[in-house]
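This report refers to the structure that appears directly beneath it.
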Amino acid sequence: MQRLTLLGSTGSIGESTLDVIRLHPGHYQVFALTAHTRLDRLMQQAREFKPQYLVVADKADYRQACELASQYQVSSEVLAGAEALAFVSEHQQTDSVMAAIVGAAGLLPTMAAARAGKKVLLANKEALVMSGQLFMDEVSKGKAQLLPIDSEHNAIFQCLPTDYVYGDPQAKGIARILLTGSGGPFLHTDNSKLDTVTPAQACAHPNWSMGQKISVDSATMMNKGLEFIEACWLFGLKPEQIEVVLHPQSVIHSMVQYNDGSVLAQLGHPDMRTPIAHALAYPERIASGVAPLDFARMADFSFRAPDFDKYPNLALAIESCAAGQYATTALNAANEIAVKAFLDGELPFTGIAEVNRSVLDRLKPCELNSIDDIIGFDNEVRVLASEWIGQMSQRALG
Ligand code: NAD
Ligand code: MG
């Protein structure tokens, strides 16, 4: 029986994780569920999975959560706040932690799980992008097992040799990693029309159903940029060892190219239950509820290089990856602010990359040697990005 803390249980990854667990009664026990919004849904989940703890991220929601728990006849203990998220991540009665909070808010509880030596199922790529080496150090000091949930990284993990040497792909004859991306909903949209696309259009991904933030990131391809940085940290790669390839069908989830010309790929329907089931059961294999691929009915596969004029955020992320930790932390923070402004109707779609670029241009390289440094810098960049957005709206009005 594997005991699991599910950070961000009401989100897209959270729900898919519970879908997989539901298929395997007796194998997984939910120790804690956490959420920030959709507290009604959290209570429904709690009624079904009977966790020991329920955590709401915001302390201001504590009373409401307690009232809802009694209304739904849920007997789990209700906790609230950032310390409570860390508490259920590092608790000795949990074996695994699914890190599925979106954005920087996931950093501290995910870090706590790594430090406590848990099996960490990492969906929250932003945590790794903002803290890179510090996060990987906690994983090795805590002897945690880090398993990628992001479908591309899960695919790469499956295609690497089992005795892969971290940071030394050449030792196993690996030439490069081919990180695939669909190109998002605007792959065929003329670049000149991008400044007028709406949040609803940006969130309508052709292949994947996901939360809003990652959907917008997929439309700008910042998601692929964050994944590029994520891959560098997860597998110890240099930027030049990764190539981004557009594959609009989203059936090949990524590939590993070897020196002898062989390319190993992992394929599947674009459904996160596959990587979730893979990581939950690793090194075993369990059913995920995803239908098998039917090759005879499959559309043709196509591939192309990304157009960096259409996706300036992808170029920015690759540049930041080479520039170092301060740049990727800054990019992630600026992007979270810019995406929110776009979703709130305060910034055009093309403004997201503009904000990210101007924030990065205005920063000087600096050392970030602790989590406090990271969080302090992340906050500074958020202020800078918000100011820039304010100035952009003033200019637009004037
Ligand atoms: P989502 O928006 O659907 O869900 C996010 C979850 O986090 C919710 O439970 C929400 O209540 C919680 N949350 C939001 N803000 C919070 C805060 N401030 N404090 C604590 N909890 C908070 O997001 P999602 O699509 O499930 O994505 C989750 C993470 O997984 C992201 O980092 C995303 O990049 C990554 N990911 C998602 C997918 C996907 O298919 N959805 C694929 C790969 C990676
Ligand atoms: Mg992905």
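Chain lettering (A, B, ...) mirrors the order of the structure tokens, residue numbering begins at 1 for each chain separately, and ligand numbering begins at 1 in order of display.
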Could you name the residues that touch range 150-166 of chain A at 6 Å or less, counting only C-alpha atoms, but leaving out those on the same chain fewer than 3 positions away, as number ranges by chain?
-> A: 123, 235-236, 253-254, 264, 266, 275
Please run DSSP on the backbone and report, as number ranges by chain, all residues within range 18-225 of chain A that come out as alpha helix (DSSP H).
-> A: 18-22, 39-49, 62-71, 82-90, 107-115, 125-141, 151-159, 199-203, 212-220, 222-225
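Between CA of Ala57 in chain A and CA of Gly142 in chain A lies a distance of 24.6 Å.
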How close does chain A get to ligand 2? List, as a tab-separated table, each residue of chain A within 12 Å, its nearest atom pair and the distance in Å to one decimal, counting only C-alpha atoms and all ligand atoms.
```
residue	atom	partner	partner_atom_place_in_ligand_line	distance
A:Ile13	CA	ligand 2	1 (Mg)	11.4
A:Leu122	CA	ligand 2	1 (Mg)	11.2
A:Ala123	CA	ligand 2	1 (Mg)	8.6
A:Asn124	CA	ligand 2	1 (Mg)	10.3
A:Lys125	CA	ligand 2	1 (Mg)	8.9
A:Glu126	CA	ligand 2	1 (Mg)	11.7
A:Pro148	CA	ligand 2	1 (Mg)	9.9
A:Ile149	CA	ligand 2	1 (Mg)	8.2
A:Asp150	CA	ligand 2	1 (Mg)	4.5
A:Ser151	CA	ligand 2	1 (Mg)	5.0
A:Glu152	CA	ligand 2	1 (Mg)	5.3
A:His153	CA	ligand 2	1 (Mg)	7.4
A:Asn154	CA	ligand 2	1 (Mg)	9.0
A:Ala155	CA	ligand 2	1 (Mg)	9.9
A:Ile156	CA	ligand 2	1 (Mg)	11.4
A:Leu179	CA	ligand 2	1 (Mg)	9.5
A:Thr180	CA	ligand 2	1 (Mg)	8.9
A:Gly181	CA	ligand 2	1 (Mg)	7.9
A:Ser182	CA	ligand 2	1 (Mg)	10.0
A:Gly183	CA	ligand 2	1 (Mg)	11.8
A:Gly184	CA	ligand 2	1 (Mg)	11.6
A:Asn207	CA	ligand 2	1 (Mg)	11.8
A:Trp208	CA	ligand 2	1 (Mg)	9.6
A:Ser209	CA	ligand 2	1 (Mg)	11.6
A:Met210	CA	ligand 2	1 (Mg)	10.2
A:Ile214	CA	ligand 2	1 (Mg)	8.8
A:Ser215	CA	ligand 2	1 (Mg)	10.4
A:Asp217	CA	ligand 2	1 (Mg)	10.3
A:Ser218	CA	ligand 2	1 (Mg)	8.7
A:Met221	CA	ligand 2	1 (Mg)	10.5
A:Met222	CA	ligand 2	1 (Mg)	10.8
A:Asn223	CA	ligand 2	1 (Mg)	7.1
A:Lys224	CA	ligand 2	1 (Mg)	7.2
A:Gly225	CA	ligand 2	1 (Mg)	10.2
A:Leu226	CA	ligand 2	1 (Mg)	9.1
A:Glu227	CA	ligand 2	1 (Mg)	6.7
A:Phe228	CA	ligand 2	1 (Mg)	10.0
A:Ile229	CA	ligand 2	1 (Mg)	12.0
A:Glu230	CA	ligand 2	1 (Mg)	10.1
A:Ala231	CA	ligand 2	1 (Mg)	10.6
A:Ser250	CA	ligand 2	1 (Mg)	10.1
A:Ile252	CA	ligand 2	1 (Mg)	11.7
A:His253	CA	ligand 2	1 (Mg)	8.3
A:Ser254	CA	ligand 2	1 (Mg)	9.7
A:Pro270	CA	ligand 2	1 (Mg)	9.9
A:Asp271	CA	ligand 2	1 (Mg)	10.7
A:Met272	CA	ligand 2	1 (Mg)	9.1
A:Pro275	CA	ligand 2	1 (Mg)	10.3
```
Which residue of A:Gly261, A:Asn332, A:Lys50, A:Glu240 approaches ligand 1 most closely, using only C-alpha atoms and all ligand atoms = A:Asn332
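Here CA of Ala291 in chain A and CA of Pro25 in chain A stand 20.0 Å from one another.
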For Gln45 in chain A, list every protein, DNA or RNA residue within 12 Å, evaluated using only C-alpha atoms, and leave out those in the same chain fewer than 3 positions away; present the list as a count of residues only.
-> 33
Write down as a compact mmCIF listing (two decimals) with C-alpha atoms, in the first residue's frame the residues belonging to range 115-233 of chain A that are assigned strand (DSSP E or B) by DSSP computed on the backbone.
```
# COMPACT_ATOMS: atom_id res chain seq x y z
CA LYS A 119 9.06 9.64 -3.74
CA VAL A 120 8.38 12.99 -5.45
CA LEU A 121 6.13 12.88 -8.52
CA LEU A 122 6.94 16.20 -10.13
CA GLN A 145 13.27 9.61 -5.61
CA LEU A 146 12.34 12.18 -8.24
CA LEU A 147 10.02 10.97 -10.99
CA PRO A 148 8.82 13.24 -13.81
CA ILE A 174 23.32 9.62 -26.14
CA ALA A 175 23.64 12.26 -28.86
CA ARG A 176 20.75 14.51 -27.84
CA ILE A 177 17.27 14.77 -26.44
CA LEU A 178 14.42 15.66 -28.79
CA LEU A 179 11.82 17.55 -26.78
CA THR A 180 8.52 17.53 -28.68
CA GLY A 181 5.76 20.13 -28.52
```
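The interatomic distance for the pair CA of Ser131 in chain A and CA of Pro169 in chain A works out to 22.6 Å.
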12 Å contact set for range 311-314 of chain A, only C-alpha atoms, chain neighbours under 4 positions out, as JSON, numbers by chain | {"A": [181, 183, 184, 186, 187, 189, 191, 194, 216, 217, 218, 219, 220, 221, 222, 223, 224, 225, 226, 227, 228, 229, 243, 244, 245, 246, 305, 306, 307, 318, 319, 320, 321, 328, 331, 332, 334, 335, 338, 339, 349, 350, 351, 352, 353, 354, 355, 356, 357, 358, 360]}
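Of the listed residues A:Gln170, A:Glu90, A:Gly390, A:Ala281, the one whose atoms come nearest to His27 in chain A is A:Ala281, with distances taken using only C-alpha atoms.
Using only C-alpha atoms, the residues found no farther than 12 Å from Asp373 in chain A, other than those of its own chain fewer than 5 positions away, are Met130, Ser131, Leu134, Gln325, Tyr326, Thr329, Cys366, Glu367, Leu368, Asp378, Asn379 and Glu380 of chain A.
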Take the selection from the previous step and output its residues with C-alpha atoms, as a PDB file, in the first residue's frame.
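Dumped to result19.pdb:
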```pdb
ATOM      1  CA  MET A 130      12.913  28.654 -10.095  1.00  0.00           C
ATOM      2  CA  SER A 131      15.239  26.727  -7.802  1.00  0.00           C
ATOM      3  CA  LEU A 134      19.025  23.939  -4.789  1.00  0.00           C
ATOM      4  CA  GLN A 325      19.597  30.556 -12.255  1.00  0.00           C
ATOM      5  CA  TYR A 326      18.820  34.255 -11.796  1.00  0.00           C
ATOM      6  CA  THR A 329      13.867  32.376 -11.752  1.00  0.00           C
ATOM      7  CA  CYS A 366      23.086  37.878  -9.392  1.00  0.00           C
ATOM      8  CA  GLU A 367      23.809  34.870  -7.184  1.00  0.00           C
ATOM      9  CA  LEU A 368      20.878  33.020  -5.622  1.00  0.00           C
ATOM     10  CA  ASP A 378      11.103  36.097  -7.270  1.00  0.00           C
ATOM     11  CA  ASN A 379       9.089  38.733  -5.350  1.00  0.00           C
ATOM     12  CA  GLU A 380      11.232  41.603  -6.671  1.00  0.00           C
TER      13      GLU A 380
END
```
